[in-house]
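Source file: target_11.cif (mmCIF, C-alpha atoms and all ligand atoms)
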```cif
data_start
#
loop_
_atom_site.label_atom_id
_atom_site.label_comp_id
_atom_site.auth_asym_id
_atom_site.auth_seq_id
_atom_site.Cartn_x
_atom_site.Cartn_y
_atom_site.Cartn_z
CA MET A 1 -59.99 91.96 -153.43
CA THR A 2 -60.04 92.23 -149.73
CA ARG A 3 -63.59 90.88 -149.55
CA THR A 4 -62.72 87.52 -151.04
CA PRO A 5 -60.71 86.09 -148.14
CA PHE A 6 -63.21 87.61 -145.69
CA ASN A 7 -66.10 86.08 -147.56
CA ARG A 8 -64.29 82.81 -147.83
CA ARG A 9 -63.64 82.86 -144.10
CA ARG A 10 -67.25 83.83 -143.44
CA PHE A 11 -68.36 81.08 -145.78
CA LEU A 12 -66.20 78.53 -143.99
CA GLU A 13 -67.36 79.78 -140.60
CA THR A 14 -70.99 79.74 -141.69
CA ALA A 15 -70.63 76.33 -143.31
CA GLY A 16 -68.91 75.03 -140.18
CA ALA A 17 -71.59 76.46 -137.95
CA ALA A 18 -74.30 75.04 -140.18
CA ALA A 19 -72.61 71.66 -140.13
CA ALA A 20 -72.35 71.86 -136.35
CA VAL A 21 -76.00 72.84 -136.09
CA GLY A 22 -76.87 69.99 -138.44
CA THR A 23 -74.97 67.59 -136.22
CA LEU A 24 -76.73 68.94 -133.16
CA VAL A 25 -80.11 68.67 -134.86
CA ARG A 26 -79.38 65.13 -135.98
CA SER A 27 -78.13 64.32 -132.50
CA ALA A 28 -81.25 65.84 -130.95
CA ASP A 29 -83.36 63.91 -133.46
CA SER A 30 -81.71 60.65 -132.59
CA HIS A 31 -82.12 61.40 -128.88
CA ALA A 32 -85.80 62.04 -129.50
CA ALA A 33 -86.02 58.80 -131.46
CA ASN A 34 -84.23 56.96 -128.65
CA ALA A 35 -86.56 58.48 -126.12
CA GLN A 36 -89.50 57.03 -128.03
CA ASP A 37 -87.86 53.68 -128.69
CA PRO A 38 -87.79 51.02 -126.02
CA ALA A 39 -84.36 50.85 -124.39
CA GLY A 40 -83.61 47.68 -126.32
CA PRO A 41 -84.68 44.09 -126.64
CA LYS A 42 -86.04 42.35 -123.56
CA VAL A 43 -83.53 40.68 -121.28
CA LYS A 44 -84.59 37.26 -120.10
CA ILE A 45 -83.93 35.78 -116.67
CA ILE A 46 -84.43 32.02 -116.42
CA ALA A 47 -84.76 30.12 -113.15
CA ILE A 48 -83.85 26.43 -113.03
CA SER A 49 -85.38 24.44 -110.20
CA GLY A 50 -83.39 21.35 -109.29
CA SER A 51 -86.07 20.01 -106.97
CA HIS A 52 -87.48 16.54 -107.51
CA ARG A 53 -90.83 17.92 -106.32
CA LYS A 54 -92.56 20.23 -108.78
CA GLY A 55 -94.04 23.45 -107.48
CA LYS A 56 -92.73 23.01 -103.92
CA THR A 57 -90.41 25.18 -101.88
CA THR A 58 -87.53 25.51 -104.36
CA ALA A 59 -89.87 26.49 -107.18
CA ALA A 60 -91.79 28.86 -104.88
CA ALA A 61 -88.58 30.53 -103.70
CA LEU A 62 -87.38 30.94 -107.30
CA GLY A 63 -90.79 32.45 -108.08
CA ILE A 64 -90.12 35.12 -105.43
CA ALA A 65 -86.75 35.86 -107.02
CA LEU A 66 -88.26 36.09 -110.51
CA ASP A 67 -90.98 38.48 -109.29
CA ALA A 68 -88.23 40.71 -107.90
CA ALA A 69 -86.31 40.46 -111.19
CA ARG A 70 -89.34 41.62 -113.20
CA ALA A 71 -89.85 44.51 -110.78
CA VAL A 72 -86.44 45.91 -111.77
CA SER A 73 -87.56 46.93 -115.28
CA PRO A 74 -90.30 46.33 -117.84
CA ASP A 75 -87.44 45.15 -120.06
CA ILE A 76 -86.99 42.04 -117.93
CA GLU A 77 -88.93 38.90 -118.74
CA THR A 78 -88.70 35.64 -116.82
CA GLU A 79 -89.23 31.92 -117.12
CA LEU A 80 -89.18 29.07 -114.60
CA ILE A 81 -87.89 25.68 -115.75
CA GLU A 82 -88.46 22.74 -113.42
CA LEU A 83 -85.99 19.93 -114.05
CA ALA A 84 -88.50 17.45 -112.64
CA ASP A 85 -90.34 17.83 -115.96
CA TYR A 86 -87.39 16.41 -117.90
CA LYS A 87 -85.42 13.19 -118.20
CA LEU A 88 -81.71 13.81 -117.78
CA ALA A 89 -79.00 11.19 -118.28
CA PRO A 90 -75.40 11.31 -117.04
CA ALA A 91 -73.22 13.40 -119.35
CA VAL A 92 -70.18 11.19 -119.91
CA PRO A 93 -67.09 13.09 -121.15
CA GLY A 94 -66.88 12.82 -124.93
CA GLY A 95 -70.17 10.94 -124.98
CA THR A 96 -73.52 11.97 -126.27
CA ALA A 97 -76.18 11.71 -123.61
CA VAL A 98 -79.54 10.96 -125.22
CA ASP A 99 -81.94 12.81 -122.99
CA ASP A 100 -84.09 15.93 -122.69
CA TYR A 101 -81.16 18.30 -122.17
CA PRO A 102 -81.33 19.82 -125.68
CA LYS A 103 -84.89 21.01 -124.91
CA ILE A 104 -83.54 23.08 -122.02
CA GLU A 105 -80.22 23.96 -123.63
CA SER A 106 -81.81 25.88 -126.49
CA ARG A 107 -83.63 28.03 -123.92
CA ILE A 108 -80.67 28.82 -121.63
CA LEU A 109 -78.29 29.56 -124.51
CA ASP A 110 -80.73 31.95 -126.18
CA PRO A 111 -78.83 35.27 -126.59
CA ALA A 112 -81.82 37.02 -125.02
CA VAL A 113 -81.00 35.27 -121.73
CA GLY A 114 -78.96 37.62 -119.57
CA GLY A 115 -79.18 35.75 -116.29
CA ILE A 116 -79.91 32.34 -114.84
CA LEU A 117 -80.98 31.51 -111.29
CA PHE A 118 -80.03 28.03 -110.10
CA GLY A 119 -82.17 26.66 -107.29
CA SER A 120 -81.59 23.46 -105.36
CA PRO A 121 -83.06 21.81 -102.31
CA VAL A 122 -80.39 20.58 -99.92
CA TYR A 123 -80.23 16.80 -100.10
CA PHE A 124 -77.81 15.22 -97.64
CA SER A 125 -75.78 18.43 -97.48
CA ASN A 126 -75.40 18.53 -101.27
CA MET A 127 -77.22 19.86 -104.30
CA SER A 128 -79.94 17.61 -105.69
CA SER A 129 -78.84 14.90 -108.09
CA LEU A 130 -81.12 16.49 -110.72
CA LEU A 131 -79.32 19.82 -110.61
CA LYS A 132 -75.95 18.06 -110.53
CA MET A 133 -76.89 16.01 -113.59
CA PHE A 134 -78.02 19.19 -115.33
CA ILE A 135 -74.83 21.14 -114.58
CA GLU A 136 -72.69 18.21 -115.67
CA HIS A 137 -73.95 18.86 -119.21
CA PHE A 138 -72.07 22.18 -119.17
CA GLY A 139 -68.66 20.57 -119.97
CA PRO A 140 -68.49 21.79 -123.60
CA TYR A 141 -69.18 25.38 -122.48
CA LYS A 142 -65.76 25.52 -120.80
CA THR A 143 -64.29 25.80 -124.30
CA SER A 144 -67.21 27.18 -126.33
CA GLY A 145 -67.99 29.93 -123.82
CA ALA A 146 -71.69 29.45 -124.48
CA LEU A 147 -72.60 30.61 -120.95
CA SER A 148 -69.80 33.16 -120.64
CA ASN A 149 -70.86 36.49 -119.14
CA LYS A 150 -74.39 35.44 -118.41
CA VAL A 151 -75.18 36.40 -114.82
CA ALA A 152 -75.82 33.63 -112.29
CA GLY A 153 -77.52 33.61 -108.92
CA VAL A 154 -77.79 30.61 -106.60
CA LEU A 155 -80.67 29.78 -104.29
CA THR A 156 -80.84 26.88 -101.86
CA VAL A 157 -83.61 25.56 -99.60
CA ALA A 158 -83.19 23.18 -96.67
CA GLY A 159 -85.40 21.64 -94.01
CA ALA A 160 -83.20 22.85 -91.15
CA ARG A 161 -82.11 26.39 -90.31
CA ASN A 162 -78.51 25.34 -90.77
CA GLY A 163 -79.18 22.45 -93.09
CA GLY A 164 -76.30 23.04 -95.48
CA GLN A 165 -77.71 25.89 -97.59
CA GLU A 166 -74.49 27.88 -97.79
CA GLY A 167 -72.21 24.93 -98.45
CA VAL A 168 -74.44 23.75 -101.28
CA ALA A 169 -74.57 27.27 -102.72
CA GLN A 170 -70.76 27.45 -102.73
CA SER A 171 -70.54 24.15 -104.57
CA ILE A 172 -72.99 25.30 -107.27
CA MET A 173 -71.20 28.65 -107.60
CA ALA A 174 -67.84 26.93 -108.11
CA ALA A 175 -69.30 24.99 -111.04
CA LEU A 176 -70.75 28.14 -112.58
CA LEU A 177 -67.47 30.03 -112.28
CA GLY A 178 -65.95 27.20 -114.31
CA VAL A 179 -68.09 28.16 -117.31
CA GLU A 180 -67.37 31.90 -116.97
CA MET A 181 -70.75 32.85 -115.57
CA ILE A 182 -70.79 36.05 -113.54
CA VAL A 183 -71.97 34.97 -110.12
CA VAL A 184 -73.70 37.59 -107.96
CA GLY A 185 -75.18 37.60 -104.47
CA ASP A 186 -78.25 39.23 -102.96
CA GLY A 187 -76.73 42.71 -103.08
CA ARG A 188 -77.03 45.66 -100.75
CA PRO A 189 -77.60 46.04 -97.86
CA THR A 190 -77.39 42.39 -96.82
CA GLY A 191 -74.63 41.20 -99.17
CA HIS A 192 -75.15 37.46 -98.82
CA SER A 193 -73.53 35.25 -101.39
CA GLY A 194 -76.86 33.84 -102.52
CA ALA A 195 -80.42 33.15 -101.38
CA THR A 196 -80.72 30.70 -98.51
CA LEU A 197 -84.16 29.56 -97.43
CA TRP A 198 -85.47 27.43 -94.60
CA ASN A 199 -88.49 25.24 -95.18
CA ASN A 200 -89.72 25.81 -91.66
CA ALA A 201 -93.50 25.60 -92.10
CA LYS A 202 -94.44 22.40 -93.89
CA ASP A 203 -93.50 23.54 -97.39
CA ASP A 204 -94.86 27.09 -96.96
CA ILE A 205 -91.67 28.97 -97.79
CA ALA A 206 -93.40 32.35 -97.40
CA LYS A 207 -93.10 31.91 -93.60
CA ASP A 208 -89.32 32.31 -93.81
CA ASP A 209 -89.01 36.11 -93.85
CA PHE A 210 -85.24 36.14 -93.85
CA GLY A 211 -84.95 33.60 -96.66
CA CYS A 212 -87.61 35.33 -98.78
CA ALA A 213 -85.69 38.60 -98.42
CA THR A 214 -82.55 36.89 -99.74
CA ALA A 215 -84.53 35.47 -102.68
CA LYS A 216 -85.89 38.93 -103.52
CA GLY A 217 -82.45 40.50 -103.25
CA LEU A 218 -80.94 37.82 -105.46
CA GLY A 219 -83.57 38.17 -108.19
CA LYS A 220 -83.18 41.95 -108.18
CA ARG A 221 -79.41 41.80 -108.35
CA VAL A 222 -79.31 39.21 -111.14
CA ALA A 223 -81.70 41.36 -113.19
CA GLU A 224 -79.79 44.59 -112.54
CA VAL A 225 -76.43 43.13 -113.50
CA ALA A 226 -77.89 41.27 -116.49
CA LEU A 227 -79.39 44.51 -117.79
CA ARG A 228 -76.07 46.31 -117.43
CA ILE A 229 -74.01 43.60 -119.05
CA THR A 230 -76.43 43.00 -121.90
CA ARG A 231 -76.70 46.69 -122.72
CA MET A 232 -72.99 47.45 -122.43
CA THR A 233 -71.28 44.42 -123.88
CA PRO A 234 -71.35 42.97 -127.39
CA ARG A 235 -72.96 39.55 -127.20
CA SER A 236 -69.91 38.08 -128.94
CA LEU A 237 -67.80 38.43 -125.78
C1 LIG A 301 -83.30 13.09 -99.85
C2 LIG A 301 -83.44 14.33 -99.01
C3 LIG A 301 -82.35 14.80 -98.32
C4 LIG A 301 -82.44 15.96 -97.54
N1 LIG A 301 -81.33 16.41 -96.91
C5 LIG A 301 -81.41 17.52 -96.16
C6 LIG A 301 -80.26 18.04 -95.51
O1 LIG A 301 -79.15 17.52 -95.62
N2 LIG A 301 -80.40 19.15 -94.73
C7 LIG A 301 -81.63 19.77 -94.57
O2 LIG A 301 -81.72 20.74 -93.84
N3 LIG A 301 -82.73 19.31 -95.25
C8 LIG A 301 -82.65 18.22 -96.02
N4 LIG A 301 -83.76 17.78 -96.70
C9 LIG A 301 -85.00 18.60 -96.67
C10 LIG A 301 -85.16 19.44 -97.96
O3 LIG A 301 -83.99 20.17 -98.25
C11 LIG A 301 -86.31 20.43 -97.82
O4 LIG A 301 -87.49 19.74 -97.48
C12 LIG A 301 -86.54 21.24 -99.05
O5 LIG A 301 -87.47 22.26 -98.75
C13 LIG A 301 -87.07 20.40 -100.20
O6 LIG A 301 -87.24 21.21 -101.38
P1 LIG A 301 -88.57 21.09 -102.28
O7 LIG A 301 -89.72 21.59 -101.45
O8 LIG A 301 -88.33 21.92 -103.47
O9 LIG A 301 -88.74 19.66 -102.62
C14 LIG A 301 -83.69 16.64 -97.47
C15 LIG A 301 -84.79 16.15 -98.16
C16 LIG A 301 -84.67 15.01 -98.92
C17 LIG A 301 -85.87 14.50 -99.69
#
```

Go ahead and render the structure in this file as structure tokens.
Ligand SMILES: Cc1cc2nc3c(=O)[nH]c(=O)nc-3n(C[C@H](O)[C@H](O)[C@H](O)COP(=O)(O)O)c2cc1C
Amino acid sequence: MTRTPFNRRRFLETAGAAAAVGTLVRSADSHAANAQDPAGPKVKIIAISGSHRKGKTTAAALGIALDAARAVSPDIETELIELADYKLAPAVPGGTAVDDYPKIESRILDPAVGGILFGSPVYFSNMSSLLKMFIEHFGPYKTSGALSNKVAGVLTVAGARNGGQEGVAQSIMAALLGVEMIVVGDGRPTGHSGATLWNNAKDDIAKDDFGCATAKGLGKRVAEVALRITRMTPRSL
């Protein structure tokens, strides 16, 4: 019968078309579902203030950066941790420091954390001893990779216009590169390698327009890159 092969072909064509339509419908359905779903879990940005003074210029500047981070997307949530609230002991290699670090560690290593801002006042042209003590607990992460691929931004505040902000930022960044963090700057159009603020009005950091702009840029950039990396990369990397 001549109709059999024709019908068979028609059947196959029709079945193929139906399957294709089914795929398209399912695809359209899943797009519709995605459109209704939130883009994904929230991405957290944490700011660590290394200042010995709670709520002063370093914390205020980090607050500006976190505001800018939240403005990037409703999927960004933020938290400020002030190291002055905790007791940190020196982290001796191979030793077990008995201090408050585990209380902070559980928060920064949370898989929901996509980015961390590190803020330090400039003390004698260096980072604060508090922030240094904190970062020195990162030794095991060089092998465990616990901070790998989290985004990092660095913010420094000094009492003088050229009080050592950039040098201190470079020193903090070098430490963060050592634990495979992805260090970013304040982005376009300024392209500075971090946020640098000048405490030029008796602890009112808002008077430093230039510095506040770098803090905003840094918070925005950390959030943007954290969103990209978190959404594109399996957390296991
Ligand atoms: C011990 C100490 C050392 C400092 N060293 C410097 C410095 O080297 N260069 C500078 O410009 N400011 C220096 N300052 C000023 C602080 O960096 C500045 O007041 C900063 O805003 C303090 O941050 P905070 O408000 O978060 O405490 C120093 C302050 C202290 C307490």

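Residues of protein, DNA or RNA having any atom at most 6 Å from ligand LIG 301 (chain A), counting only C-alpha atoms and all ligand atoms, are Ser51, His52, Arg53, Lys56, Thr57, Thr58, Pro121, Val122, Tyr123, Phe124, Ser125, Val157, Ala158, Gly159, Ala160, Gly163, Gly164, Asn199 and Asp203 of chain A.
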
Radius query 6 Å about (-73.0, 35.5, -112.1), atoms used: all atoms listed in the file, as a VMD selection string: chain A and resid 151 to 153 181 to 184

Would you save the residues from that selection as a compact mmCIF listing (two decimals), in the frame of the given file, using C-alpha atoms?
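The resulting out_23.txt:
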```
# COMPACT_ATOMS: atom_id res chain seq x y z
CA VAL A 151 -75.18 36.40 -114.82
CA ALA A 152 -75.82 33.63 -112.29
CA GLY A 153 -77.52 33.61 -108.92
CA MET A 181 -70.75 32.85 -115.57
CA ILE A 182 -70.79 36.05 -113.54
CA VAL A 183 -71.97 34.97 -110.12
CA VAL A 184 -73.70 37.59 -107.96
```

Show which residues sit within 8 Å of A:Ile64, as a PDB file with C-alpha atoms, in the frame of the given file. Count only C-alpha atoms, and ignore same-chain residues fewer than 6 positions away.
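Produced file selection-v2.pdb, reproduced below:
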```pdb
ATOM      1  CA  CYS A 212     -87.610  35.330 -98.780  1.00  0.00           C
ATOM      2  CA  ALA A 215     -84.530  35.470-102.680  1.00  0.00           C
ATOM      3  CA  LYS A 216     -85.890  38.930-103.520  1.00  0.00           C
ATOM      4  CA  GLY A 219     -83.570  38.170-108.190  1.00  0.00           C
TER       5      GLY A 219
END
```

List the residues sitting within 9 Å of (-85.2, 41.3, -108.8) in the file's frame, using all atoms listed in the file, as a list of chain:residue names.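 Neighbouring residues, ordered by chain and number, come to A:Ile64, A:Ala65, A:Leu66, A:Asp67, A:Ala68, A:Ala69, A:Arg70, A:Ala71, A:Val72, A:Ser73, A:Ala215, A:Lys216, A:Gly217, A:Leu218, A:Gly219, A:Lys220, A:Arg221, A:Val222, A:Ala223, A:Glu224.
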
Go ahead and dump the residues you just picked, C-alpha atoms, as a PDB file, keeping the file's coordinate frame.
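Final output, saved to part-v7.pdb:
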```pdb
ATOM      1  CA  ILE A  64     -90.120  35.120-105.430  1.00  0.00           C
ATOM      2  CA  ALA A  65     -86.750  35.860-107.020  1.00  0.00           C
ATOM      3  CA  LEU A  66     -88.260  36.090-110.510  1.00  0.00           C
ATOM      4  CA  ASP A  67     -90.980  38.480-109.290  1.00  0.00           C
ATOM      5  CA  ALA A  68     -88.230  40.710-107.900  1.00  0.00           C
ATOM      6  CA  ALA A  69     -86.310  40.460-111.190  1.00  0.00           C
ATOM      7  CA  ARG A  70     -89.340  41.620-113.200  1.00  0.00           C
ATOM      8  CA  ALA A  71     -89.850  44.510-110.780  1.00  0.00           C
ATOM      9  CA  VAL A  72     -86.440  45.910-111.770  1.00  0.00           C
ATOM     10  CA  SER A  73     -87.560  46.930-115.280  1.00  0.00           C
ATOM     11  CA  ALA A 215     -84.530  35.470-102.680  1.00  0.00           C
ATOM     12  CA  LYS A 216     -85.890  38.930-103.520  1.00  0.00           C
ATOM     13  CA  GLY A 217     -82.450  40.500-103.250  1.00  0.00           C
ATOM     14  CA  LEU A 218     -80.940  37.820-105.460  1.00  0.00           C
ATOM     15  CA  GLY A 219     -83.570  38.170-108.190  1.00  0.00           C
ATOM     16  CA  LYS A 220     -83.180  41.950-108.180  1.00  0.00           C
ATOM     17  CA  ARG A 221     -79.410  41.800-108.350  1.00  0.00           C
ATOM     18  CA  VAL A 222     -79.310  39.210-111.140  1.00  0.00           C
ATOM     19  CA  ALA A 223     -81.700  41.360-113.190  1.00  0.00           C
ATOM     20  CA  GLU A 224     -79.790  44.590-112.540  1.00  0.00           C
TER      21      GLU A 224
END
```

Residue nearest A:Ala175 among A:Pro93, A:Gly139, A:Gly194, A:Gly145 (counting only C-alpha atoms):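 With only C-alpha atoms as the atom set, the closest residue is A:Gly139.
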
Closest to A:Glu166 among A:Met127, A:Ile46, A:Ala89, A:Val179, using all atoms listed in the file?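 For A:Glu166, the nearest of the candidates is A:Met127.
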
Can you tell me how far atom CA of A:Lys87 sits from atom CA of A:Tyr101, in Å to one decimal?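 Calculated distance between atom CA of A:Lys87 and atom CA of A:Tyr101 is 7.7 Å.
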
Rounded to one decimal in Å, what is the spacing between atom CA of A:Gly55 and atom CA of A:Gly187?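 Atom CA of A:Gly55 sits 26.3 Å away from atom CA of A:Gly187.
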
Compare A:Val113, A:Leu155, A:Leu176, A:Arg228 by their minimum atom-to-atom distance to A:Ser193, counting all atoms listed in the file, and give me the closest one. A:Leu155

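Nearest to A:Thr143 of all the residues A:Ala169, A:Asp209, A:Gly178, A:Pro90 is A:Gly178, based on all atoms listed in the file.
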
Dump as CSV the rows for residues of stretch 92-192 of chain A within 8 Å of stretch 40-44 of chain A: closest atom pair and distance in Å with one decimal, all atoms listed in the file counted, ordered by chain and rising residue number.
```
residue,atom,partner,partner_atom,distance
A:Ala112,CA,A:Val43,CA,5.5
A:Val113,CA,A:Lys44,CA,4.4
A:Gly114,CA,A:Lys44,CA,5.7
A:Gly115,CA,A:Lys44,CA,6.8
```
